[in-house]
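**Student:** Got a structure for you, coords_7.pdb, holding PDB, C-alpha atoms.
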```pdb
ATOM      1  CA  MET T 941      50.306  51.483  51.819
ATOM      2  CA  ALA T 942      48.340  52.896  48.888
ATOM      3  CA  ASN T 943      49.927  55.525  46.675
ATOM      4  CA  PHE T 944      48.937  59.145  47.068
ATOM      5  CA  SER T 945      46.798  60.179  44.085
ATOM      6  CA  VAL T 946      46.152  63.462  42.341
ATOM      7  CA  VAL T 947      42.910  63.803  40.383
ATOM      8  CA  PRO T 948      43.077  66.805  38.000
ATOM      9  CA  GLY T 949      40.133  68.946  37.046
ATOM     10  CA  ALA T 950      39.685  67.407  33.605
ATOM     11  CA  VAL T 951      39.396  63.948  35.153
ATOM     12  CA  VAL T 952      36.975  65.151  37.823
ATOM     13  CA  SER T 953      34.805  66.867  35.197
ATOM     14  CA  ALA T 954      34.777  63.789  32.972
ATOM     15  CA  ILE T 955      33.558  61.604  35.826
ATOM     16  CA  LEU T 956      30.968  64.131  37.016
ATOM     17  CA  GLY T 957      29.699  64.516  33.468
ATOM     18  CA  ASP T 958      28.202  61.038  33.467
ATOM     19  CA  SER T 959      27.599  60.616  37.203
ATOM     20  CA  HIS T 960      24.593  62.846  37.914
ATOM     21  CA  LYS T 961      22.494  59.975  39.244
ATOM     22  CA  ASP T 962      25.365  58.742  41.410
ATOM     23  CA  VAL T 963      25.956  62.218  42.851
ATOM     24  CA  LEU T 964      22.250  62.671  43.613
ATOM     25  CA  ARG T 965      22.170  59.324  45.407
ATOM     26  CA  ILE T 966      25.380  60.055  47.323
ATOM     27  CA  VAL T 967      24.165  63.484  48.443
ATOM     28  CA  ALA T 968      20.822  62.126  49.663
ATOM     29  CA  GLU T 969      22.519  59.255  51.497
ATOM     30  CA  THR T 970      25.008  61.650  53.076
ATOM     31  CA  TYR T 971      22.250  63.873  54.459
ATOM     32  CA  VAL T 972      20.596  60.843  56.040
ATOM     33  CA  ALA T 973      23.913  59.597  57.450
ATOM     34  CA  HIS T 974      24.562  63.051  58.925
ATOM     35  CA  GLU T 975      21.107  63.098  60.487
ATOM     36  CA  GLN T 976      21.846  59.681  62.012
ATOM     37  CA  GLY T 977      25.086  60.895  63.608
ATOM     38  CA  GLN T 978      27.533  59.122  61.289
ATOM     39  CA  SER T 979      29.584  62.240  60.575
ATOM     40  CA  VAL T 980      31.802  64.863  62.128
ATOM     41  CA  ASN T 981      31.265  68.235  60.464
ATOM     42  CA  PRO T 982      32.729  71.152  62.469
ATOM     43  CA  ASP T 983      32.333  74.804  61.594
ATOM     44  CA  SER T 984      33.845  76.111  58.412
ATOM     45  CA  TYR T 985      36.866  78.374  58.836
ATOM     46  CA  PHE T 986      36.961  81.671  56.927
ATOM     47  CA  LEU T 987      40.180  83.359  55.857
ATOM     48  CA  ARG T 988      39.541  86.980  54.887
ATOM     49  CA  PHE T 989      41.793  89.815  53.739
ATOM     50  CA  PRO T 990      41.627  93.487  54.839
ATOM     51  CA  GLU T 991      42.550  94.795  51.399
ATOM     52  CA  LYS T 992      40.150  92.398  49.595
ATOM     53  CA  PRO T 993      36.914  92.491  51.619
ATOM     54  CA  ASP T 994      34.927  90.596  48.985
ATOM     55  CA  ALA T 995      37.435  87.741  48.761
ATOM     56  CA  ARG T 996      37.703  84.761  51.087
ATOM     57  CA  VAL T 997      39.094  81.266  51.372
ATOM     58  CA  ILE T 998      37.117  78.714  53.377
ATOM     59  CA  ALA T 999      38.292  75.469  54.978
ATOM     60  CA  LEU T1000      35.650  72.765  55.455
ATOM     61  CA  PRO T1001      37.015  69.815  57.483
ATOM     62  CA  SER T1002      34.858  66.722  57.916
ATOM     63  CA  TYR T1003      34.637  63.001  58.557
ATOM     64  CA  LEU T1004      31.992  60.655  57.142
ATOM     65  CA  GLY T1005      31.571  57.103  58.391
ATOM     66  CA  GLY T1006      29.713  54.188  56.866
ATOM     67  CA  ASN T1007      30.959  53.025  53.481
ATOM     68  CA  VAL T1008      32.997  56.224  53.039
ATOM     69  CA  ASP T1009      34.912  56.091  56.343
ATOM     70  CA  THR T1010      37.234  58.876  55.225
ATOM     71  CA  ILE T1011      38.464  62.263  56.451
ATOM     72  CA  GLY T1012      38.336  65.263  54.136
ATOM     73  CA  LEU T1013      39.182  68.950  53.860
ATOM     74  CA  LYS T1014      37.815  71.213  51.144
ATOM     75  CA  TRP T1015      39.823  74.422  50.660
ATOM     76  CA  ILE T1016      37.766  76.755  48.479
ATOM     77  CA  ALA T1017      38.527  80.316  47.400
ATOM     78  CA  SER T1018      35.927  82.854  46.303
ATOM     79  CA  PHE T1019      37.389  85.895  44.543
ATOM     80  CA  PRO T1020      34.504  87.733  42.815
ATOM     81  CA  ASP T1021      36.840  90.140  41.016
ATOM     82  CA  ASN T1022      38.132  87.200  38.972
ATOM     83  CA  ILE T1023      35.044  87.522  36.782
ATOM     84  CA  ARG T1024      36.286  90.873  35.450
ATOM     85  CA  GLN T1025      39.391  89.082  34.214
ATOM     86  CA  GLY T1026      37.456  86.283  32.576
ATOM     87  CA  LEU T1027      38.306  83.825  35.340
ATOM     88  CA  PRO T1028      35.914  81.710  37.424
ATOM     89  CA  ARG T1029      35.002  83.223  40.779
ATOM     90  CA  ALA T1030      35.682  80.015  42.717
ATOM     91  CA  SER T1031      38.579  77.560  42.825
ATOM     92  CA  ALA T1032      39.042  74.644  45.177
ATOM     93  CA  THR T1033      40.963  71.553  46.174
ATOM     94  CA  LEU T1034      39.866  68.567  48.248
ATOM     95  CA  LEU T1035      42.276  66.588  50.428
ATOM     96  CA  LEU T1036      41.268  63.073  51.515
ATOM     97  CA  ASN T1037      42.850  61.179  54.416
ATOM     98  CA  ASP T1038      42.596  57.564  55.532
ATOM     99  CA  TYR T1039      40.559  57.240  58.729
ATOM    100  CA  ALA T1040      42.530  54.228  60.018
ATOM    101  CA  THR T1041      45.963  55.872  59.869
ATOM    102  CA  GLY T1042      45.356  59.563  59.150
ATOM    103  CA  TYR T1043      47.653  59.334  56.130
ATOM    104  CA  PRO T1044      46.794  61.464  53.081
ATOM    105  CA  LEU T1045      45.155  59.530  50.258
ATOM    106  CA  ALA T1046      44.552  62.040  47.493
ATOM    107  CA  CYS T1047      44.198  65.621  46.342
ATOM    108  CA  LEU T1048      41.369  66.394  43.928
ATOM    109  CA  GLU T1049      40.462  69.522  41.994
ATOM    110  CA  ALA T1050      37.228  70.438  43.734
ATOM    111  CA  ALA T1051      35.538  73.498  42.216
ATOM    112  CA  SER T1052      33.389  71.242  40.058
ATOM    113  CA  ILE T1053      32.805  68.877  42.997
ATOM    114  CA  SER T1054      31.614  71.831  45.070
ATOM    115  CA  ALA T1055      29.265  73.024  42.340
ATOM    116  CA  SER T1056      27.886  69.534  41.765
ATOM    117  CA  ARG T1057      27.221  68.749  45.408
ATOM    118  CA  THR T1058      25.558  72.147  45.837
ATOM    119  CA  ALA T1059      23.363  71.553  42.802
ATOM    120  CA  ALA T1060      22.517  67.993  43.824
ATOM    121  CA  SER T1061      21.545  69.236  47.278
ATOM    122  CA  ALA T1062      19.184  71.777  45.706
ATOM    123  CA  ALA T1063      17.696  69.188  43.351
ATOM    124  CA  VAL T1064      17.136  66.638  46.122
ATOM    125  CA  ALA T1065      15.373  69.297  48.201
ATOM    126  CA  ALA T1066      13.254  70.500  45.277
ATOM    127  CA  ALA T1067      12.087  66.997  44.393
ATOM    128  CA  GLU T1068      11.164  66.363  48.024
ATOM    129  CA  LEU T1069       9.430  69.712  48.611
ATOM    130  CA  LEU T1070       7.456  70.303  45.419
ATOM    131  CA  PRO T1071       3.824  69.437  46.098
ATOM    132  CA  SER T1072       3.266  67.346  42.957
ATOM    133  CA  ASP T1073       4.969  65.754  39.968
ATOM    134  CA  GLU T1074       3.363  68.227  37.566
ATOM    135  CA  PRO T1075       5.675  70.405  35.438
ATOM    136  CA  VAL T1076       6.786  73.517  37.326
ATOM    137  CA  ARG T1077       7.643  77.021  36.204
ATOM    138  CA  VAL T1078      11.213  77.671  37.358
ATOM    139  CA  SER T1079      13.132  80.904  37.837
ATOM    140  CA  PHE T1080      16.810  81.471  38.471
ATOM    141  CA  ILE T1081      17.938  84.617  40.262
ATOM    142  CA  GLY T1082      21.645  84.671  39.513
ATOM    143  CA  ALA T1083      22.854  82.974  36.341
ATOM    144  CA  GLY T1084      26.395  81.758  37.000
ATOM    145  CA  VAL T1085      27.990  78.327  37.203
ATOM    146  CA  ILE T1086      25.966  77.256  40.241
ATOM    147  CA  ALA T1087      22.657  78.147  38.584
ATOM    148  CA  ARG T1088      23.596  76.260  35.430
ATOM    149  CA  THR T1089      24.640  73.211  37.439
ATOM    150  CA  ILE T1090      21.436  73.291  39.498
ATOM    151  CA  LEU T1091      19.422  73.306  36.271
ATOM    152  CA  ASP T1092      21.318  70.228  35.083
ATOM    153  CA  TYR T1093      20.729  68.384  38.347
ATOM    154  CA  LEU T1094      17.028  69.289  38.470
ATOM    155  CA  ASP T1095      16.730  67.695  35.053
ATOM    156  CA  ALA T1096      18.775  64.642  36.074
ATOM    157  CA  HIS T1097      16.606  64.176  39.173
ATOM    158  CA  GLY T1098      13.430  64.116  37.134
ATOM    159  CA  VAL T1099      12.014  67.486  38.168
ATOM    160  CA  ARG T1100       9.664  68.322  35.289
ATOM    161  CA  VAL T1101      10.109  71.887  34.061
ATOM    162  CA  ALA T1102       7.420  73.756  32.115
ATOM    163  CA  ASP T1103       9.502  76.856  31.391
ATOM    164  CA  VAL T1104      12.464  78.830  32.705
ATOM    165  CA  LEU T1105      12.840  82.505  33.537
ATOM    166  CA  VAL T1106      16.255  84.003  34.361
ATOM    167  CA  HIS T1107      17.008  87.222  36.224
ATOM    168  CA  ASP T1108      20.571  88.487  36.492
ATOM    169  CA  LEU T1109      22.022  91.997  36.690
ATOM    170  CA  ASP T1110      24.515  90.897  34.043
ATOM    171  CA  ALA T1111      22.606  90.539  30.778
ATOM    172  CA  ALA T1112      25.304  88.367  29.213
ATOM    173  CA  SER T1113      25.163  85.872  32.089
ATOM    174  CA  ALA T1114      21.379  85.760  31.893
ATOM    175  CA  GLY T1115      21.588  85.105  28.169
ATOM    176  CA  HIS T1116      24.060  82.261  28.629
ATOM    177  CA  LEU T1117      21.789  80.526  31.138
ATOM    178  CA  THR T1118      18.666  80.881  29.015
ATOM    179  CA  ALA T1119      20.545  79.406  26.044
ATOM    180  CA  HIS T1120      21.757  76.534  28.219
ATOM    181  CA  ALA T1121      18.232  75.906  29.548
ATOM    182  CA  ASP T1122      16.824  75.892  26.035
ATOM    183  CA  ALA T1123      19.445  73.415  24.836
ATOM    184  CA  ARG T1124      19.213  71.157  27.905
ATOM    185  CA  LEU T1125      15.471  71.129  28.524
ATOM    186  CA  GLY T1126      13.887  72.211  25.243
ATOM    187  CA  VAL T1127      11.289  74.319  27.057
ATOM    188  CA  PRO T1128      10.391  78.012  26.692
ATOM    189  CA  THR T1129      13.044  80.245  28.265
ATOM    190  CA  ALA T1130      13.213  83.990  28.845
ATOM    191  CA  THR T1131      14.842  86.690  30.919
ATOM    192  CA  GLY T1132      12.773  88.858  33.231
ATOM    193  CA  SER T1133      12.582  91.070  36.269
ATOM    194  CA  LEU T1134      13.117  90.119  39.889
ATOM    195  CA  ALA T1135       9.403  90.606  40.554
ATOM    196  CA  GLU T1136       8.531  88.187  37.740
ATOM    197  CA  ALA T1137      11.062  85.642  38.955
ATOM    198  CA  LEU T1138       9.587  85.655  42.457
ATOM    199  CA  THR T1139       6.200  84.465  41.171
ATOM    200  CA  ARG T1140       7.419  81.099  39.852
ATOM    201  CA  ASP T1141       6.621  77.680  41.351
ATOM    202  CA  LEU T1142      10.305  76.967  42.002
ATOM    203  CA  VAL T1143      12.589  79.940  42.678
ATOM    204  CA  VAL T1144      16.346  79.378  42.748
ATOM    205  CA  PHE T1145      18.627  81.983  44.333
ATOM    206  CA  ALA T1146      22.245  81.586  43.198
ATOM    207  CA  THR T1147      23.780  85.031  43.610
ATOM    208  CA  THR T1148      26.776  86.537  45.367
ATOM    209  CA  ALA T1149      24.621  88.923  47.423
ATOM    210  CA  ALA T1150      26.115  89.854  50.786
ATOM    211  CA  THR T1151      22.980  91.439  52.284
ATOM    212  CA  PRO T1152      19.227  90.901  51.791
ATOM    213  CA  TYR T1153      17.361  92.804  49.078
ATOM    214  CA  VAL T1154      14.163  90.734  48.723
ATOM    215  CA  SER T1155      11.574  92.427  50.931
ATOM    216  CA  GLY T1156       9.946  90.710  53.853
ATOM    217  CA  ASP T1157       6.619  91.801  52.334
ATOM    218  CA  THR T1158       7.173  89.767  49.160
ATOM    219  CA  PRO T1159       4.047  87.651  48.563
ATOM    220  CA  LEU T1160       4.807  83.928  48.375
ATOM    221  CA  ARG T1161       1.994  81.465  47.810
ATOM    222  CA  PRO T1162       1.215  78.056  49.340
ATOM    223  CA  GLY T1163       3.249  75.261  47.798
ATOM    224  CA  GLN T1164       5.828  77.592  46.284
ATOM    225  CA  VAL T1165       9.407  76.368  46.831
ATOM    226  CA  VAL T1166      12.385  78.697  47.211
ATOM    227  CA  LEU T1167      15.901  77.260  47.011
ATOM    228  CA  ASN T1168      17.860  79.798  49.059
ATOM    229  CA  VAL T1169      21.221  78.520  47.847
ATOM    230  CA  SER T1170      23.060  81.841  48.132
ATOM    231  CA  LEU T1171      21.620  82.298  51.637
ATOM    232  CA  ARG T1172      21.664  86.110  51.960
ATOM    233  CA  ASP T1173      19.086  87.380  49.446
ATOM    234  CA  LEU T1174      15.941  87.259  51.633
ATOM    235  CA  GLU T1175      15.022  89.648  54.416
ATOM    236  CA  PRO T1176      14.553  87.675  57.640
ATOM    237  CA  GLU T1177      10.928  88.780  58.028
ATOM    238  CA  LEU T1178      10.101  86.761  54.909
ATOM    239  CA  LEU T1179      11.357  83.540  56.500
ATOM    240  CA  LEU T1180       9.009  84.059  59.429
ATOM    241  CA  LYS T1181       6.079  83.606  57.011
ATOM    242  CA  THR T1182       7.297  80.368  55.388
ATOM    243  CA  ASN T1183       8.183  76.788  56.162
ATOM    244  CA  ASN T1184      11.957  76.591  56.647
ATOM    245  CA  VAL T1185      14.154  73.586  55.955
ATOM    246  CA  VAL T1186      17.953  73.735  56.339
ATOM    247  CA  ASP T1187      20.783  71.293  55.820
ATOM    248  CA  ASP T1188      22.087  71.684  59.382
ATOM    249  CA  VAL T1189      20.589  74.063  61.928
ATOM    250  CA  ASP T1190      23.790  75.047  63.736
ATOM    251  CA  HIS T1191      25.732  75.548  60.522
ATOM    252  CA  CYS T1192      23.069  77.502  58.672
ATOM    253  CA  LEU T1193      22.281  79.921  61.478
ATOM    254  CA  LYS T1194      25.567  81.807  61.388
ATOM    255  CA  ALA T1195      27.601  84.172  59.194
ATOM    256  CA  HIS T1196      24.667  86.556  58.681
ATOM    257  CA  THR T1197      22.665  84.233  56.468
ATOM    258  CA  SER T1198      18.963  85.052  56.186
ATOM    259  CA  PRO T1199      18.103  82.292  58.707
ATOM    260  CA  HIS T1200      20.764  83.688  61.064
ATOM    261  CA  LEU T1201      19.230  87.159  60.758
ATOM    262  CA  ALA T1202      15.813  85.665  61.481
ATOM    263  CA  GLU T1203      17.203  84.063  64.633
ATOM    264  CA  GLN T1204      18.674  87.398  65.701
ATOM    265  CA  LEU T1205      15.360  89.114  64.981
ATOM    266  CA  THR T1206      13.243  86.677  66.991
ATOM    267  CA  GLY T1207      15.712  85.482  69.592
ATOM    268  CA  ASN T1208      14.881  81.845  68.855
ATOM    269  CA  ARG T1209      14.958  79.125  66.212
ATOM    270  CA  ASP T1210      11.283  78.226  66.322
ATOM    271  CA  PHE T1211      10.821  79.197  62.667
ATOM    272  CA  ILE T1212      12.989  76.242  61.566
ATOM    273  CA  ASP T1213      10.821  73.230  60.716
ATOM    274  CA  GLY T1214      13.621  70.687  60.241
ATOM    275  CA  THR T1215      16.568  69.494  58.192
ATOM    276  CA  LEU T1216      16.718  67.918  54.761
ATOM    277  CA  GLY T1217      18.077  64.709  56.281
ATOM    278  CA  ALA T1218      15.055  64.468  58.562
ATOM    279  CA  LEU T1219      12.723  65.385  55.696
ATOM    280  CA  LEU T1220      14.142  62.542  53.589
ATOM    281  CA  GLN T1221      13.295  60.173  56.422
ATOM    282  CA  GLY T1222       9.716  61.434  56.709
ATOM    283  CA  GLN T1223      10.333  63.160  60.028
ATOM    284  CA  VAL T1224       9.351  66.745  59.124
ATOM    285  CA  SER T1225       5.824  68.145  58.886
ATOM    286  CA  LEU T1226       5.286  71.291  56.801
ATOM    287  CA  ASP T1227       2.319  73.624  56.653
ATOM    288  CA  PRO T1228       0.705  73.244  53.182
ATOM    289  CA  ALA T1229      -0.714  76.756  53.490
ATOM    290  CA  LYS T1230       2.780  78.255  53.327
ATOM    291  CA  ALA T1231       5.616  78.479  50.832
ATOM    292  CA  THR T1232       8.781  76.581  51.767
ATOM    293  CA  VAL T1233      12.336  77.923  51.802
ATOM    294  CA  PHE T1234      15.307  75.528  51.714
ATOM    295  CA  SER T1235      18.539  77.099  52.991
ATOM    296  CA  PRO T1236      21.678  74.937  52.611
ATOM    297  CA  PHE T1237      24.805  76.329  54.266
ATOM    298  CA  GLY T1238      26.905  73.680  52.529
ATOM    299  CA  LEU T1239      28.364  70.773  54.485
ATOM    300  CA  GLY T1240      31.926  69.543  53.974
ATOM    301  CA  ILE T1241      30.725  65.941  54.211
ATOM    302  CA  LEU T1242      29.015  66.380  50.831
ATOM    303  CA  ASP T1243      32.300  67.296  49.136
ATOM    304  CA  LEU T1244      33.961  64.438  50.987
ATOM    305  CA  ALA T1245      31.378  61.871  49.891
ATOM    306  CA  VAL T1246      31.363  62.973  46.254
ATOM    307  CA  GLY T1247      35.172  63.213  46.225
ATOM    308  CA  HIS T1248      35.466  59.712  47.686
ATOM    309  CA  HIS T1249      33.346  58.402  44.814
ATOM    310  CA  ILE T1250      35.377  60.301  42.205
ATOM    311  CA  LEU T1251      38.679  59.038  43.582
ATOM    312  CA  ALA T1252      37.486  55.429  43.402
ATOM    313  CA  GLU T1253      36.172  55.934  39.889
ATOM    314  CA  ALA T1254      39.356  57.683  38.698
ATOM    315  CA  ARG T1255      41.446  54.817  40.026
ATOM    316  CA  ARG T1256      39.117  52.306  38.356
ATOM    317  CA  ARG T1257      39.415  54.139  35.042
ATOM    318  CA  GLY T1258      43.156  54.554  35.405
ATOM    319  CA  THR T1259      42.911  58.358  35.173
ATOM    320  CA  ALA T1260      44.191  59.223  38.661
ATOM    321  CA  VAL T1261      47.830  60.329  38.812
ATOM    322  CA  ASP T1262      49.608  58.215  41.444
ATOM    323  CA  ILE T1263      52.646  59.527  43.316
ATOM    324  CA  PRO T1264      54.258  56.486  44.969
ATOM    325  CA  ASP T1265      56.868  58.389  47.014
ATOM    326  CA  PHE T1266      54.648  61.214  48.266
ATOM    327  CA  ILE T1267      54.835  60.019  51.877
ATOM    328  CA  GLY T1268      58.465  60.115  52.958
ATOM    329  CA  GLU T1269      58.781  57.887  56.020
ATOM    330  CA  THR T1270      56.545  54.829  56.305
ATOM    331  CA  THR T1271      58.186  53.188  59.338
ATOM    332  CA  ARG T1272      58.671  54.379  62.902
ATOM    333  CA  TRP T1273      62.458  54.051  62.928
TER     334      TRP T1273
END
```
Can you present the structure in this file as structure tokens?

**Tutor:**
Amino acid sequence: MANFSVVPGAVVSAILGDSHKDVLRIVAETYVAHEQGQSVNPDSYFLRFPEKPDARVIALPSYLGGNVDTIGLKWIASFPDNIRQGLPRASATLLLNDYATGYPLACLEAASISASRTAASAAVAAAELLPSDEPVRVSFIGAGVIARTILDYLDAHGVRVADVLVHDLDAASAGHLTAHADARLGVPTATGSLAEALTRDLVVFATTAATPYVSGDTPLRPGQVVLNVSLRDLEPELLLKTNNVVDDVDHCLKAHTSPHLAEQLTGNRDFIDGTLGALLQGQVSLDPAKATVFSPFGLGILDLAVGHHILAEARRRGTAVDIPDFIGETTRW
């Protein structure tokens, strides 16, 4: 029986730092595998606290077959007040279990895994949805860790960027992202208003908004792509005027996301055009006269697949911490 391994955050970050292409490939393959029925991805479970209404901890259990053939559970906390103390908003761990026996295999620090799989998902969708390979004008609404990671993955995936505009209510955060964009991409960068940001070719929402604030009357043009990563910024009426692609229909249309509100408004799901997995297989037709919104709820199988890769790579590099006696009893008697 293999040892139980712990993969600390520094090791995870080191592997992710030079694995952008691998993560992009893994995320795309995982979406296709999910579309083909090779996964089990039940609802996420939310733990909330009466005295901390903005805080939550979410459990994302999953199983992914194929070459991964592993069980996983991401346990991720979001405590927005941490930012006031100079701490990251999110922290997470990922537990992997062997599918043959159910025995635990490893525990990985997973905040960076979560950010990377989210960013890779956005980049894969953007590359698939943008109408041409010409350089695009990009805006980021919300300038935290997720936005910065999405920018990195857009670059790694070959999305050509003409310039970057950042809008954030926190001027310091906006400044950090513009500096990062300038250093990473070497293109013109600036901060601007929400109205300016909404005019760009590729609009990335990466906020902590709990309720919609972008009006349903907002003009979006044909071919414009909106990455609705934070899920709750757009009034539902706006989605009824666009093409809509999600990662998983059942998952995305819950928890008062903008697509969920659109379902409640209309009483149906007819406004959904398809999933990213189906789009990657050429099975989704979109109206070229409309803008397209991609809304990813975030599937646990993505964390599982990326974590499976990181565990294998950490063991190959000798940077995983093995605990040989973690499992107490290994025989029936």

**Student:** Nearest to Tyr1093 of chain T: which of T:Leu1013, T:Ala1063, T:Ala1146, T:Ala1114 is it, counting all atoms listed in the file?

**Tutor:** T:Ala1063

**Student:** Take atom CA of Ala1202 of chain T and atom CA of Glu1177 of chain T and report the distance between them in Å, one decimal.

**Tutor:**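 Between these atoms lies a distance of 6.7 Å.
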
**Student:** Compile the contact shell of Val1154 of chain T as a ChimeraX atom specification: residues with an atom at most 7 Å away, counting all atoms listed in the file, same-chain residues fewer than 3 positions apart removed.

**Tutor:** /T:1173-1175

**Student:** Rank T:Ala1149, T:Ala1017, T:Val980, T:Ile1263 by their smallest atom-to-atom distance to Val997 of chain T, using all atoms listed in the file, and report the top residue only.

**Tutor:**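 The closest residue to Val997 of chain T is T:Ala1017.
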
**Student:** Using the chain letters and residue numbers of this document, give as a list of chain:residue names the residues selected by the PyMOL selection byres ((chain T and resi 1047) around 8).

**Tutor:** T:Ser945, T:Val946, T:Val947, T:Thr1033, T:Leu1034, T:Leu1035, T:Leu1036, T:Leu1045, T:Ala1046, T:Leu1048, T:Glu1049

**Student:** Would you mind telling me which residue in T:Ala1051, T:Leu1027, T:Ala1254, T:Ala1218 lies nearest to Glu975 of chain T when using all atoms listed in the file?

**Tutor:**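 Once distances to Glu975 of chain T are computed over all atoms listed in the file, the minimum belongs to T:Ala1218.
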
**Student:** In the coordinates of the file, take the point (26.0, 76.3, 64.0) and a cut-off of 10 Å; then, counting all atoms listed in the file, name each qualifying protein, DNA or RNA residue as number ranges by chain.

**Tutor:** T: 982-984, 1188-1195, 1200, 1237

**Student:** Grab the atom CA of Ala1055 of chain T to atom CA of Pro1028 of chain T distance for me, in Å with one decimal place.

**Tutor:**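 Spanning atom CA of Ala1055 of chain T to atom CA of Pro1028 of chain T is a straight-line distance of 12.0 Å.
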
**Student:** Give me, as a list in words, all polymer residues having an atom no more than 9 Å from Pro1159 of chain T, counting all atoms listed in the file and skipping those fewer than 5 positions away in the same chain.

**Tutor:**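 With the cut-off at 9 Å, the set is Leu1138, Thr1139 and Leu1178 of chain T.
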
**Student:** Give me the result of the PyMOL selection byres ((chain T and resi 1241) around 10) on this file, residue by residue, as a VMD selection string.

**Tutor:** chain T and resid 967 970 to 971 973 to 974 979 to 982 1000 to 1005 1010 to 1014 1057 1238 to 1240 1242 to 1247

**Student:** Mind pulling up the distance from atom CA of Ile1023 of chain T to atom CA of Leu964 of chain T?

**Tutor:**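 Rounded to one decimal, the two atoms are 28.8 Å apart.
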
**Student:** So which one's closest to Val951 of chain T, T:Ser1225, T:Ser1052, T:Ser1235, T:Asn1037? Using only C-alpha atoms, please.

**Tutor:** T:Ser1052
